[in-house]
Amino acid sequence: MSAQITMTQAINRAIDEAMAGDEGVILLGEDVAAKQGGGVFKISSGLTEKYGEHRIRATPISEQAIVGACVGAALAGFRPIAEIMLMNFVTVAMDQIVNHAAKLRFMSGGQTHVPLVLRTTTGVGVGFGGQHSDMLEAWFAHVPGLKIVTPSNAADAQGLMRAAIACNDPVIFIENILCYGLKSDDPGPGHVVPLGKAAVAREGSDCTIVTYGRTVLDALEVAGKLADEGVSVEVIDLRTIAPYDEATVTASVEKTGRAVVLHEAVKQYGTGAEIASRLNEKLFGKLKAPVTRIGGAFSAVPMANALEQAWIPNKDAIADAVRTAMNWKG
């Protein structure tokens, strides 16, 4: 049996390796140092003991200060990692992210880079309520200059984090709370997954599900059940949301002729709308059914468990979307 690793361990390893190889890699955020517990989700556990509090620096609860300090550090030659505990609070630092981190390379004629990784956590299904659960990737994917990454498994989390830290542009790295404890085969030290490259998580020939993050797990489970009905579903894990791997997505949908775009964020104005539109532009006339989008309900995420479960896209809805595409007679 292969060695296993959790996503928490994988991200910790990636940061550890990057810090060991480059003294310019530093980590700033609330509670990230050893005295404060190594982060609320223990991502930075053990790093203070290795690299000291001058590189693993716990900060006050001030998201603007954390991101602003990291932008300044990046301009000074460091490769900072900013930990914003929950994604909803990233919005507090929108000015530093959108008007500074994302634009300085453009405004300097390419002379100034901002190699900043902004790590953050979110996810529906743990009862954290409306101000702690949103997937806001579409807000940032709309901004030129930012790269948006979210892993669905531990091995990818390790590899994508290494690539994000090495990137000369700012990267928003989204971690789903429900994925932290999931195990996958240990890829070993030095594993790197290039940004902008999707994975074919499951091959199929009848319909493509394009997704990312935690919903990859739902898509794979649904694909397994639909196989029993004789439907062959291909699952594409984007891994990088912006810029997404359009070549892999287009090739898959061109092969199957049908597509369902699935994400945890609300459906309206989301990443799924962009991908569906691009597929229609590229493959109009070749599609066997309209491209379908599945996302969260257009409301704040409820705290009550029953309402929260009704809010999030469920596996029955995913399966029904694939069946509808298969039976389309238009």
# chains A, B, ... in the order shown; residues from 1 in each chain; ligands from 1
>>> closest_atom_pairs(of="region 184-284 of chain A", to="region 306-322 of chain A", cutoff="12 Å", atoms="only C-alpha atoms", output="tab-separated table")
residue	atom	partner	partner_atom	distance
A:Asp206	CA	A:Val322	CA	9.2
A:Cys207	CA	A:Val322	CA	6.9
A:Thr208	CA	A:Val322	CA	8.5
A:Ile209	CA	A:Val322	CA	8.3
A:Val210	CA	A:Ile318	CA	11.3
A:Thr211	CA	A:Ile318	CA	11.2
A:Arg214	CA	A:Pro313	CA	11.4
A:Thr215	CA	A:Pro313	CA	8.7
A:Val216	CA	A:Lys315	CA	11.1
A:Leu217	CA	A:Lys315	CA	10.0
A:Asp218	CA	A:Lys315	CA	6.3
A:Ala219	CA	A:Ile318	CA	7.3
A:Leu220	CA	A:Lys315	CA	10.0
A:Glu221	CA	A:Lys315	CA	8.1
A:Val222	CA	A:Ala319	CA	6.1
A:Ala223	CA	A:Ala319	CA	8.0
A:Gly224	CA	A:Ala319	CA	10.4
A:Lys225	CA	A:Ala319	CA	8.6
A:Leu226	CA	A:Ala319	CA	7.3
A:Ala227	CA	A:Ala319	CA	10.9
A:Glu229	CA	A:Ala319	CA	10.9
A:Val231	CA	A:Val322	CA	8.8
A:Ser232	CA	A:Val322	CA	10.1
A:Val233	CA	A:Val322	CA	8.3
A:Glu234	CA	A:Val322	CA	10.9
A:Val235	CA	A:Val322	CA	11.7
A:Thr256	CA	A:Val322	CA	11.6
A:Gly257	CA	A:Val322	CA	11.7
A:Arg258	CA	A:Val322	CA	8.3
A:Ala259	CA	A:Val322	CA	7.9
A:Val260	CA	A:Val322	CA	6.8
A:Val261	CA	A:Ile318	CA	9.4
A:Leu262	CA	A:Ile318	CA	7.9
A:His263	CA	A:Pro313	CA	7.9
A:Glu264	CA	A:Ile312	CA	6.6
A:Ala265	CA	A:Ile312	CA	8.5
A:Val266	CA	A:Ile312	CA	8.7
A:Lys267	CA	A:Pro313	CA	9.6
>>> residues_around(residues="Gly330 (chain A)", least_positions_apart="6", cutoff="12 Å", atoms="only C-alpha atoms", output="list in words")
Leu287, Lys288, Ala289, Pro290 and Thr324 of chain A
>>> write_last_selection(atoms="all heavy atoms", output="compact mmCIF listing (two decimals), in the first residue's frame")
# COMPACT_ATOMS: atom_id res chain seq x y z
N LEU A 287 -21.70 20.71 -30.35
CA LEU A 287 -22.27 20.24 -29.08
C LEU A 287 -23.54 19.44 -29.32
O LEU A 287 -24.39 19.81 -30.14
CB LEU A 287 -22.57 21.44 -28.18
CG LEU A 287 -21.35 22.23 -27.69
CD1 LEU A 287 -21.79 23.53 -27.01
CD2 LEU A 287 -20.51 21.39 -26.73
N LYS A 288 -23.71 18.36 -28.56
CA LYS A 288 -24.90 17.51 -28.67
C LYS A 288 -26.01 17.96 -27.72
O LYS A 288 -27.13 17.47 -27.79
CB LYS A 288 -24.53 16.06 -28.36
CG LYS A 288 -23.49 15.49 -29.30
CD LYS A 288 -23.01 14.13 -28.85
CE LYS A 288 -21.90 13.60 -29.75
NZ LYS A 288 -21.32 12.33 -29.23
N ALA A 289 -25.66 18.88 -26.80
CA ALA A 289 -26.64 19.40 -25.84
C ALA A 289 -26.10 20.73 -25.31
O ALA A 289 -24.89 20.98 -25.38
CB ALA A 289 -26.83 18.42 -24.68
N PRO A 290 -26.97 21.61 -24.81
CA PRO A 290 -26.48 22.87 -24.23
C PRO A 290 -25.54 22.59 -23.04
O PRO A 290 -25.73 21.62 -22.31
CB PRO A 290 -27.76 23.55 -23.75
CG PRO A 290 -28.87 22.91 -24.51
CD PRO A 290 -28.43 21.50 -24.75
N THR A 324 -29.83 14.71 -18.29
CA THR A 324 -30.54 15.65 -19.18
C THR A 324 -29.73 15.90 -20.45
O THR A 324 -30.28 15.94 -21.56
CB THR A 324 -30.79 16.98 -18.45
OG1 THR A 324 -31.63 16.73 -17.32
CG2 THR A 324 -31.48 17.99 -19.36
>>> closest_residue(among="A:Ser252, A:Thr112, A:Ser45, A:Thr8", to="Pro170 (chain A)", atoms="only C-alpha atoms")
A:Thr112
>>> residues_around(residues="Ala154 (chain A)", least_positions_apart="2", cutoff="12 Å", atoms="only C-alpha atoms", output="PDB file with N, CA, C and O atoms, in the first residue's frame")
ATOM      1  N   GLN A   4       0.418   7.488   2.477  1.00  0.00           N
ATOM      2  CA  GLN A   4      -0.648   8.468   2.319  1.00  0.00           C
ATOM      3  C   GLN A   4      -0.254   9.786   2.987  1.00  0.00           C
ATOM      4  O   GLN A   4       0.553   9.819   3.920  1.00  0.00           O
ATOM      5  N   ILE A   5      -0.875  10.868   2.527  1.00  0.00           N
ATOM      6  CA  ILE A   5      -0.615  12.187   3.103  1.00  0.00           C
ATOM      7  C   ILE A   5      -1.919  12.976   3.075  1.00  0.00           C
ATOM      8  O   ILE A   5      -2.726  12.826   2.148  1.00  0.00           O
ATOM      9  N   THR A   6      -2.168  13.782   4.115  1.00  0.00           N
ATOM     10  CA  THR A   6      -3.353  14.640   4.119  1.00  0.00           C
ATOM     11  C   THR A   6      -3.031  15.959   3.433  1.00  0.00           C
ATOM     12  O   THR A   6      -1.861  16.330   3.251  1.00  0.00           O
ATOM     13  N   MET A   7      -4.084  16.707   3.093  1.00  0.00           N
ATOM     14  CA  MET A   7      -3.861  18.004   2.459  1.00  0.00           C
ATOM     15  C   MET A   7      -3.154  18.958   3.422  1.00  0.00           C
ATOM     16  O   MET A   7      -2.294  19.750   3.016  1.00  0.00           O
ATOM     17  N   THR A   8      -3.489  18.892   4.694  1.00  0.00           N
ATOM     18  CA  THR A   8      -2.800  19.726   5.680  1.00  0.00           C
ATOM     19  C   THR A   8      -1.309  19.437   5.681  1.00  0.00           C
ATOM     20  O   THR A   8      -0.476  20.361   5.646  1.00  0.00           O
ATOM     21  N   GLN A   9      -0.947  18.173   5.718  1.00  0.00           N
ATOM     22  CA  GLN A   9       0.471  17.801   5.713  1.00  0.00           C
ATOM     23  C   GLN A   9       1.137  18.204   4.397  1.00  0.00           C
ATOM     24  O   GLN A   9       2.299  18.628   4.392  1.00  0.00           O
ATOM     25  N   ALA A  10       0.402  18.081   3.302  1.00  0.00           N
ATOM     26  CA  ALA A  10       0.984  18.370   1.989  1.00  0.00           C
ATOM     27  C   ALA A  10       1.311  19.854   1.840  1.00  0.00           C
ATOM     28  O   ALA A  10       2.374  20.224   1.329  1.00  0.00           O
ATOM     29  N   ILE A  11       0.398  20.713   2.276  1.00  0.00           N
ATOM     30  CA  ILE A  11       0.650  22.158   2.159  1.00  0.00           C
ATOM     31  C   ILE A  11       1.783  22.557   3.101  1.00  0.00           C
ATOM     32  O   ILE A  11       2.656  23.362   2.748  1.00  0.00           O
ATOM     33  N   ASN A  12       1.783  21.990   4.295  1.00  0.00           N
ATOM     34  CA  ASN A  12       2.869  22.253   5.235  1.00  0.00           C
ATOM     35  C   ASN A  12       4.215  21.856   4.627  1.00  0.00           C
ATOM     36  O   ASN A  12       5.196  22.600   4.720  1.00  0.00           O
ATOM     37  N   ARG A  13       4.252  20.701   3.987  1.00  0.00           N
ATOM     38  CA  ARG A  13       5.511  20.235   3.385  1.00  0.00           C
ATOM     39  C   ARG A  13       5.963  21.185   2.271  1.00  0.00           C
ATOM     40  O   ARG A  13       7.156  21.494   2.149  1.00  0.00           O
ATOM     41  N   ALA A  14       5.015  21.618   1.447  1.00  0.00           N
ATOM     42  CA  ALA A  14       5.381  22.505   0.336  1.00  0.00           C
ATOM     43  C   ALA A  14       5.988  23.806   0.856  1.00  0.00           C
ATOM     44  O   ALA A  14       6.998  24.298   0.322  1.00  0.00           O
ATOM     45  N   THR A 150      -7.035  26.262  -6.761  1.00  0.00           N
ATOM     46  CA  THR A 150      -7.657  25.507  -5.674  1.00  0.00           C
ATOM     47  C   THR A 150      -7.463  24.012  -5.917  1.00  0.00           C
ATOM     48  O   THR A 150      -7.802  23.502  -6.983  1.00  0.00           O
ATOM     49  N   PRO A 151      -6.865  23.302  -4.996  1.00  0.00           N
ATOM     50  CA  PRO A 151      -6.629  21.865  -5.165  1.00  0.00           C
ATOM     51  C   PRO A 151      -7.815  21.039  -4.688  1.00  0.00           C
ATOM     52  O   PRO A 151      -8.591  21.463  -3.820  1.00  0.00           O
ATOM     53  N   SER A 152      -7.931  19.816  -5.236  1.00  0.00           N
ATOM     54  CA  SER A 152      -8.978  18.896  -4.788  1.00  0.00           C
ATOM     55  C   SER A 152      -8.414  17.741  -3.984  1.00  0.00           C
ATOM     56  O   SER A 152      -9.175  16.960  -3.408  1.00  0.00           O
ATOM     57  N   ASP A 156      -1.961  17.270  -5.226  1.00  0.00           N
ATOM     58  CA  ASP A 156      -2.034  18.503  -6.005  1.00  0.00           C
ATOM     59  C   ASP A 156      -1.797  19.721  -5.124  1.00  0.00           C
ATOM     60  O   ASP A 156      -1.187  20.706  -5.556  1.00  0.00           O
ATOM     61  N   ALA A 157      -2.294  19.677  -3.886  1.00  0.00           N
ATOM     62  CA  ALA A 157      -2.094  20.817  -2.988  1.00  0.00           C
ATOM     63  C   ALA A 157      -0.609  21.080  -2.774  1.00  0.00           C
ATOM     64  O   ALA A 157      -0.154  22.233  -2.784  1.00  0.00           O
ATOM     65  N   GLN A 158       0.144  20.020  -2.576  1.00  0.00           N
ATOM     66  CA  GLN A 158       1.587  20.175  -2.397  1.00  0.00           C
ATOM     67  C   GLN A 158       2.238  20.751  -3.660  1.00  0.00           C
ATOM     68  O   GLN A 158       2.994  21.725  -3.602  1.00  0.00           O
ATOM     69  N   GLY A 159       1.918  20.145  -4.785  1.00  0.00           N
ATOM     70  CA  GLY A 159       2.554  20.575  -6.030  1.00  0.00           C
ATOM     71  C   GLY A 159       2.152  21.965  -6.466  1.00  0.00           C
ATOM     72  O   GLY A 159       2.980  22.743  -6.969  1.00  0.00           O
ATOM     73  N   LEU A 160       0.885  22.297  -6.293  1.00  0.00           N
ATOM     74  CA  LEU A 160       0.418  23.631  -6.679  1.00  0.00           C
ATOM     75  C   LEU A 160       0.982  24.706  -5.758  1.00  0.00           C
ATOM     76  O   LEU A 160       1.287  25.819  -6.201  1.00  0.00           O
ATOM     77  N   MET A 161       1.121  24.388  -4.458  1.00  0.00           N
ATOM     78  CA  MET A 161       1.693  25.371  -3.543  1.00  0.00           C
ATOM     79  C   MET A 161       3.146  25.667  -3.904  1.00  0.00           C
ATOM     80  O   MET A 161       3.577  26.831  -3.872  1.00  0.00           O
ATOM     81  N   GLU A 175      -8.115  26.986  -0.173  1.00  0.00           N
ATOM     82  CA  GLU A 175      -8.132  25.650   0.442  1.00  0.00           C
ATOM     83  C   GLU A 175      -9.513  25.394   1.038  1.00  0.00           C
ATOM     84  O   GLU A 175     -10.042  26.235   1.767  1.00  0.00           O
ATOM     85  N   ASN A 176     -10.105  24.241   0.722  1.00  0.00           N
ATOM     86  CA  ASN A 176     -11.427  23.904   1.236  1.00  0.00           C
ATOM     87  C   ASN A 176     -11.296  23.184   2.572  1.00  0.00           C
ATOM     88  O   ASN A 176     -10.579  22.186   2.675  1.00  0.00           O
ATOM     89  N   LEU A 178     -13.166  21.178   4.128  1.00  0.00           N
ATOM     90  CA  LEU A 178     -13.552  19.773   4.133  1.00  0.00           C
ATOM     91  C   LEU A 178     -12.508  18.872   3.466  1.00  0.00           C
ATOM     92  O   LEU A 178     -12.597  17.648   3.576  1.00  0.00           O
ATOM     93  N   CYS A 179     -11.549  19.456   2.789  1.00  0.00           N
ATOM     94  CA  CYS A 179     -10.512  18.649   2.126  1.00  0.00           C
ATOM     95  C   CYS A 179      -9.264  18.489   2.987  1.00  0.00           C
ATOM     96  O   CYS A 179      -8.395  17.667   2.649  1.00  0.00           O
ATOM     97  N   TYR A 180      -9.136  19.250   4.065  1.00  0.00           N
ATOM     98  CA  TYR A 180      -7.889  19.235   4.834  1.00  0.00           C
ATOM     99  C   TYR A 180      -7.511  17.838   5.321  1.00  0.00           C
ATOM    100  O   TYR A 180      -6.355  17.464   5.319  1.00  0.00           O
ATOM    101  N   GLY A 181      -8.486  17.068   5.765  1.00  0.00           N
ATOM    102  CA  GLY A 181      -8.187  15.758   6.343  1.00  0.00           C
ATOM    103  C   GLY A 181      -8.173  14.620   5.344  1.00  0.00           C
ATOM    104  O   GLY A 181      -7.837  13.484   5.701  1.00  0.00           O
ATOM    105  N   LEU A 182      -8.515  14.909   4.092  1.00  0.00           N
ATOM    106  CA  LEU A 182      -8.556  13.849   3.081  1.00  0.00           C
ATOM    107  C   LEU A 182      -7.143  13.398   2.722  1.00  0.00           C
ATOM    108  O   LEU A 182      -6.228  14.211   2.610  1.00  0.00           O
ATOM    109  N   LYS A 183      -6.984  12.100   2.533  1.00  0.00           N
ATOM    110  CA  LYS A 183      -5.668  11.551   2.213  1.00  0.00           C
ATOM    111  C   LYS A 183      -5.587  11.158   0.740  1.00  0.00           C
ATOM    112  O   LYS A 183      -6.567  10.756   0.126  1.00  0.00           O
ATOM    113  N   SER A 184      -4.389  11.315   0.198  1.00  0.00           N
ATOM    114  CA  SER A 184      -4.115  10.773  -1.138  1.00  0.00           C
ATOM    115  C   SER A 184      -2.705  10.208  -1.133  1.00  0.00           C
ATOM    116  O   SER A 184      -1.961  10.368  -0.165  1.00  0.00           O
ATOM    117  N   ASP A 185      -2.339   9.535  -2.200  1.00  0.00           N
ATOM    118  CA  ASP A 185      -0.992   8.961  -2.264  1.00  0.00           C
ATOM    119  C   ASP A 185       0.053  10.058  -2.103  1.00  0.00           C
ATOM    120  O   ASP A 185      -0.046  11.132  -2.710  1.00  0.00           O
ATOM    121  N   ASP A 186       1.045   9.773  -1.283  1.00  0.00           N
ATOM    122  CA  ASP A 186       2.103  10.745  -1.013  1.00  0.00           C
ATOM    123  C   ASP A 186       2.973  10.901  -2.261  1.00  0.00           C
ATOM    124  O   ASP A 186       3.595   9.929  -2.706  1.00  0.00           O
ATOM    125  N   PRO A 187       3.040  12.100  -2.839  1.00  0.00           N
ATOM    126  CA  PRO A 187       3.852  12.276  -4.051  1.00  0.00           C
ATOM    127  C   PRO A 187       5.342  12.359  -3.751  1.00  0.00           C
ATOM    128  O   PRO A 187       6.156  12.353  -4.682  1.00  0.00           O
ATOM    129  N   GLY A 188       5.701  12.458  -2.471  1.00  0.00           N
ATOM    130  CA  GLY A 188       7.108  12.566  -2.100  1.00  0.00           C
ATOM    131  C   GLY A 188       7.612  13.996  -2.170  1.00  0.00           C
ATOM    132  O   GLY A 188       6.924  14.893  -2.667  1.00  0.00           O
ATOM    133  N   HIS A 191       7.628  17.620  -5.137  1.00  0.00           N
ATOM    134  CA  HIS A 191       6.545  17.505  -6.129  1.00  0.00           C
ATOM    135  C   HIS A 191       6.041  18.895  -6.533  1.00  0.00           C
ATOM    136  O   HIS A 191       5.754  19.730  -5.676  1.00  0.00           O
ATOM    137  N   VAL A 193       3.268  20.864  -9.311  1.00  0.00           N
ATOM    138  CA  VAL A 193       2.216  20.824 -10.328  1.00  0.00           C
ATOM    139  C   VAL A 193       2.181  22.190 -11.004  1.00  0.00           C
ATOM    140  O   VAL A 193       1.942  23.198 -10.339  1.00  0.00           O
ATOM    141  N   GLY A 213     -11.667  21.955  -7.030  1.00  0.00           N
ATOM    142  CA  GLY A 213     -11.811  21.964  -5.573  1.00  0.00           C
ATOM    143  C   GLY A 213     -12.599  20.774  -5.063  1.00  0.00           C
ATOM    144  O   GLY A 213     -12.603  19.691  -5.653  1.00  0.00           O
ATOM    145  N   ARG A 214     -13.335  20.981  -3.966  1.00  0.00           N
ATOM    146  CA  ARG A 214     -14.010  19.866  -3.307  1.00  0.00           C
ATOM    147  C   ARG A 214     -15.027  19.178  -4.213  1.00  0.00           C
ATOM    148  O   ARG A 214     -15.263  17.960  -4.099  1.00  0.00           O
ATOM    149  N   ARG A 239      -7.878  22.581 -11.307  1.00  0.00           N
ATOM    150  CA  ARG A 239      -6.741  22.880 -10.424  1.00  0.00           C
ATOM    151  C   ARG A 239      -6.400  24.373 -10.421  1.00  0.00           C
ATOM    152  O   ARG A 239      -6.307  24.990  -9.371  1.00  0.00           O
TER     153      ARG A 239
END
>>> closest_residue(among="A:Leu118, A:Leu146, A:Ala76, A:Ala201", to="Phe106 (chain A)", atoms="only C-alpha atoms")
A:Leu146
>>> atom_distance(atom1="CA of Glu49 (chain A)", atom2="CA of Phe89 (chain A)")
28.1 Å
>>> atom_distance(atom1="CA of Ala3 (chain A)", atom2="CA of Gly190 (chain A)")
15.7 Å
>>> atom_distance(atom1="CA of Ala93 (chain A)", atom2="CA of Arg119 (chain A)")
13.0 Å
>>> closest_residue(among="A:Val253, A:Ala198, A:Ala82, A:Met326", to="Ile236 (chain A)", atoms="only C-alpha atoms")
A:Ala198
>>> residues_around(residues="region 101-103 of chain A", least_positions_apart="2", cutoff="6 Å", atoms="only C-alpha atoms", output="ChimeraX atom specification")
/A:97-99,105-106,114,145-146
>>> residues_around(residues="Ala164 (chain A)", least_positions_apart="5", cutoff="8 Å", atoms="only C-alpha atoms", output="list in words")
Val117, Val171, Phe173 and Leu195 of chain A
>>> write_last_selection(atoms="all heavy atoms", output="mmCIF file, in the first residue's frame")
data_model
loop_
_atom_site.group_PDB
_atom_site.id
_atom_site.type_symbol
_atom_site.label_atom_id
_atom_site.label_comp_id
_atom_site.auth_asym_id
_atom_site.auth_seq_id
_atom_site.Cartn_x
_atom_site.Cartn_y
_atom_site.Cartn_z
ATOM 1 N N VAL A 117 1.870 34.860 -2.433
ATOM 2 C CA VAL A 117 0.833 33.825 -2.352
ATOM 3 C C VAL A 117 -0.107 34.184 -1.217
ATOM 4 O O VAL A 117 0.331 34.362 -0.074
ATOM 5 C CB VAL A 117 1.434 32.427 -2.088
ATOM 6 C CG1 VAL A 117 0.313 31.377 -1.985
ATOM 7 C CG2 VAL A 117 2.401 32.042 -3.195
ATOM 8 N N VAL A 171 -0.714 35.033 -6.418
ATOM 9 C CA VAL A 171 -1.565 33.842 -6.551
ATOM 10 C C VAL A 171 -2.522 33.787 -5.361
ATOM 11 O O VAL A 171 -2.092 33.883 -4.208
ATOM 12 C CB VAL A 171 -0.726 32.545 -6.587
ATOM 13 C CG1 VAL A 171 -1.635 31.320 -6.667
ATOM 14 C CG2 VAL A 171 0.263 32.562 -7.754
ATOM 15 N N PHE A 173 -4.603 31.314 -3.346
ATOM 16 C CA PHE A 173 -4.590 29.853 -3.154
ATOM 17 C C PHE A 173 -5.726 29.499 -2.202
ATOM 18 O O PHE A 173 -5.678 29.791 -1.006
ATOM 19 C CB PHE A 173 -3.243 29.431 -2.570
ATOM 20 C CG PHE A 173 -2.942 27.962 -2.688
ATOM 21 C CD1 PHE A 173 -2.198 27.471 -3.754
ATOM 22 C CD2 PHE A 173 -3.382 27.072 -1.735
ATOM 23 C CE1 PHE A 173 -1.909 26.114 -3.868
ATOM 24 C CE2 PHE A 173 -3.100 25.713 -1.830
ATOM 25 C CZ PHE A 173 -2.355 25.235 -2.900
ATOM 26 N N LEU A 195 1.170 25.613 -12.685
ATOM 27 C CA LEU A 195 -0.053 26.411 -12.691
ATOM 28 C C LEU A 195 -0.630 26.434 -14.103
ATOM 29 O O LEU A 195 0.108 26.443 -15.092
ATOM 30 C CB LEU A 195 0.231 27.837 -12.221
ATOM 31 C CG LEU A 195 0.851 27.989 -10.833
ATOM 32 C CD1 LEU A 195 1.012 29.471 -10.478
ATOM 33 C CD2 LEU A 195 0.032 27.280 -9.767
#
>>> select_by_dssp(residues="region 284-316 of chain A", states="helix (DSSP H, G or I)", output="PyMOL selection string")
chain A and resi 305-311+315-316
>>> closest_residue(among="A:Glu274, A:Glu137, A:Glu30, A:Glu63", to="Thr240 (chain A)", atoms="only C-alpha atoms")
A:Glu137
>>> closest_residue(among="A:Met85, A:Ala20, A:Val301, A:Ala247", to="Met135 (chain A)", atoms="only C-alpha atoms")
A:Val301
>>> decode(residues="region 281-303 of chain A", atoms="N, CA and C atoms", output="PDB file, in the first residue's frame")
ATOM      1  N   GLU A 281     -18.476  29.342 -27.760  1.00  0.00           N
ATOM      2  CA  GLU A 281     -17.726  30.053 -28.800  1.00  0.00           C
ATOM      3  C   GLU A 281     -16.858  29.089 -29.611  1.00  0.00           C
ATOM      4  N   LYS A 282     -16.248  28.127 -28.919  1.00  0.00           N
ATOM      5  CA  LYS A 282     -15.310  27.224 -29.581  1.00  0.00           C
ATOM      6  C   LYS A 282     -16.010  26.077 -30.321  1.00  0.00           C
ATOM      7  N   LEU A 283     -17.108  25.581 -29.724  1.00  0.00           N
ATOM      8  CA  LEU A 283     -17.669  24.309 -30.201  1.00  0.00           C
ATOM      9  C   LEU A 283     -19.104  24.428 -30.703  1.00  0.00           C
ATOM     10  N   PHE A 284     -19.577  25.638 -30.950  1.00  0.00           N
ATOM     11  CA  PHE A 284     -20.946  25.798 -31.456  1.00  0.00           C
ATOM     12  C   PHE A 284     -21.105  24.987 -32.736  1.00  0.00           C
ATOM     13  N   GLY A 285     -22.156  24.196 -32.794  1.00  0.00           N
ATOM     14  CA  GLY A 285     -22.377  23.322 -33.953  1.00  0.00           C
ATOM     15  C   GLY A 285     -21.885  21.905 -33.711  1.00  0.00           C
ATOM     16  N   LYS A 286     -20.984  21.741 -32.750  1.00  0.00           N
ATOM     17  CA  LYS A 286     -20.485  20.396 -32.444  1.00  0.00           C
ATOM     18  C   LYS A 286     -21.102  19.828 -31.170  1.00  0.00           C
ATOM     19  N   LEU A 287     -21.703  20.706 -30.355  1.00  0.00           N
ATOM     20  CA  LEU A 287     -22.269  20.240 -29.081  1.00  0.00           C
ATOM     21  C   LEU A 287     -23.544  19.436 -29.321  1.00  0.00           C
ATOM     22  N   LYS A 288     -23.708  18.360 -28.556  1.00  0.00           N
ATOM     23  CA  LYS A 288     -24.903  17.514 -28.669  1.00  0.00           C
ATOM     24  C   LYS A 288     -26.009  17.964 -27.725  1.00  0.00           C
ATOM     25  N   ALA A 289     -25.660  18.875 -26.801  1.00  0.00           N
ATOM     26  CA  ALA A 289     -26.636  19.402 -25.838  1.00  0.00           C
ATOM     27  C   ALA A 289     -26.099  20.728 -25.307  1.00  0.00           C
ATOM     28  N   PRO A 290     -26.968  21.608 -24.805  1.00  0.00           N
ATOM     29  CA  PRO A 290     -26.476  22.868 -24.226  1.00  0.00           C
ATOM     30  C   PRO A 290     -25.544  22.593 -23.041  1.00  0.00           C
ATOM     31  N   VAL A 291     -24.567  23.467 -22.859  1.00  0.00           N
ATOM     32  CA  VAL A 291     -23.692  23.365 -21.688  1.00  0.00           C
ATOM     33  C   VAL A 291     -24.490  23.776 -20.450  1.00  0.00           C
ATOM     34  N   THR A 292     -24.419  22.943 -19.428  1.00  0.00           N
ATOM     35  CA  THR A 292     -25.190  23.182 -18.197  1.00  0.00           C
ATOM     36  C   THR A 292     -24.273  23.656 -17.087  1.00  0.00           C
ATOM     37  N   ARG A 293     -24.770  24.577 -16.264  1.00  0.00           N
ATOM     38  CA  ARG A 293     -24.012  25.031 -15.086  1.00  0.00           C
ATOM     39  C   ARG A 293     -24.724  24.590 -13.812  1.00  0.00           C
ATOM     40  N   ILE A 294     -23.914  24.171 -12.819  1.00  0.00           N
ATOM     41  CA  ILE A 294     -24.445  23.838 -11.495  1.00  0.00           C
ATOM     42  C   ILE A 294     -23.608  24.585 -10.460  1.00  0.00           C
ATOM     43  N   GLY A 295     -24.279  25.323  -9.586  1.00  0.00           N
ATOM     44  CA  GLY A 295     -23.573  26.040  -8.527  1.00  0.00           C
ATOM     45  C   GLY A 295     -24.455  26.191  -7.310  1.00  0.00           C
ATOM     46  N   GLY A 296     -23.946  26.906  -6.302  1.00  0.00           N
ATOM     47  CA  GLY A 296     -24.710  27.136  -5.092  1.00  0.00           C
ATOM     48  C   GLY A 296     -25.903  28.050  -5.346  1.00  0.00           C
ATOM     49  N   ALA A 297     -26.848  28.016  -4.409  1.00  0.00           N
ATOM     50  CA  ALA A 297     -28.035  28.878  -4.511  1.00  0.00           C
ATOM     51  C   ALA A 297     -27.620  30.342  -4.376  1.00  0.00           C
ATOM     52  N   PHE A 298     -28.404  31.224  -4.975  1.00  0.00           N
ATOM     53  CA  PHE A 298     -28.075  32.650  -4.969  1.00  0.00           C
ATOM     54  C   PHE A 298     -28.580  33.300  -3.677  1.00  0.00           C
ATOM     55  N   SER A 299     -27.885  32.973  -2.602  1.00  0.00           N
ATOM     56  CA  SER A 299     -28.203  33.556  -1.297  1.00  0.00           C
ATOM     57  C   SER A 299     -26.967  33.412  -0.427  1.00  0.00           C
ATOM     58  N   ALA A 300     -26.987  34.057   0.719  1.00  0.00           N
ATOM     59  CA  ALA A 300     -25.920  33.810   1.678  1.00  0.00           C
ATOM     60  C   ALA A 300     -25.976  32.351   2.122  1.00  0.00           C
ATOM     61  N   VAL A 301     -24.802  31.789   2.453  1.00  0.00           N
ATOM     62  CA  VAL A 301     -24.768  30.393   2.886  1.00  0.00           C
ATOM     63  C   VAL A 301     -25.426  30.272   4.260  1.00  0.00           C
ATOM     64  N   PRO A 302     -26.470  29.422   4.378  1.00  0.00           N
ATOM     65  CA  PRO A 302     -27.153  29.271   5.673  1.00  0.00           C
ATOM     66  C   PRO A 302     -26.261  28.562   6.698  1.00  0.00           C
ATOM     67  N   MET A 303     -26.527  28.804   7.965  1.00  0.00           N
ATOM     68  CA  MET A 303     -25.774  28.127   9.017  1.00  0.00           C
ATOM     69  C   MET A 303     -26.425  26.799   9.410  1.00  0.00           C
TER      70      MET A 303
END
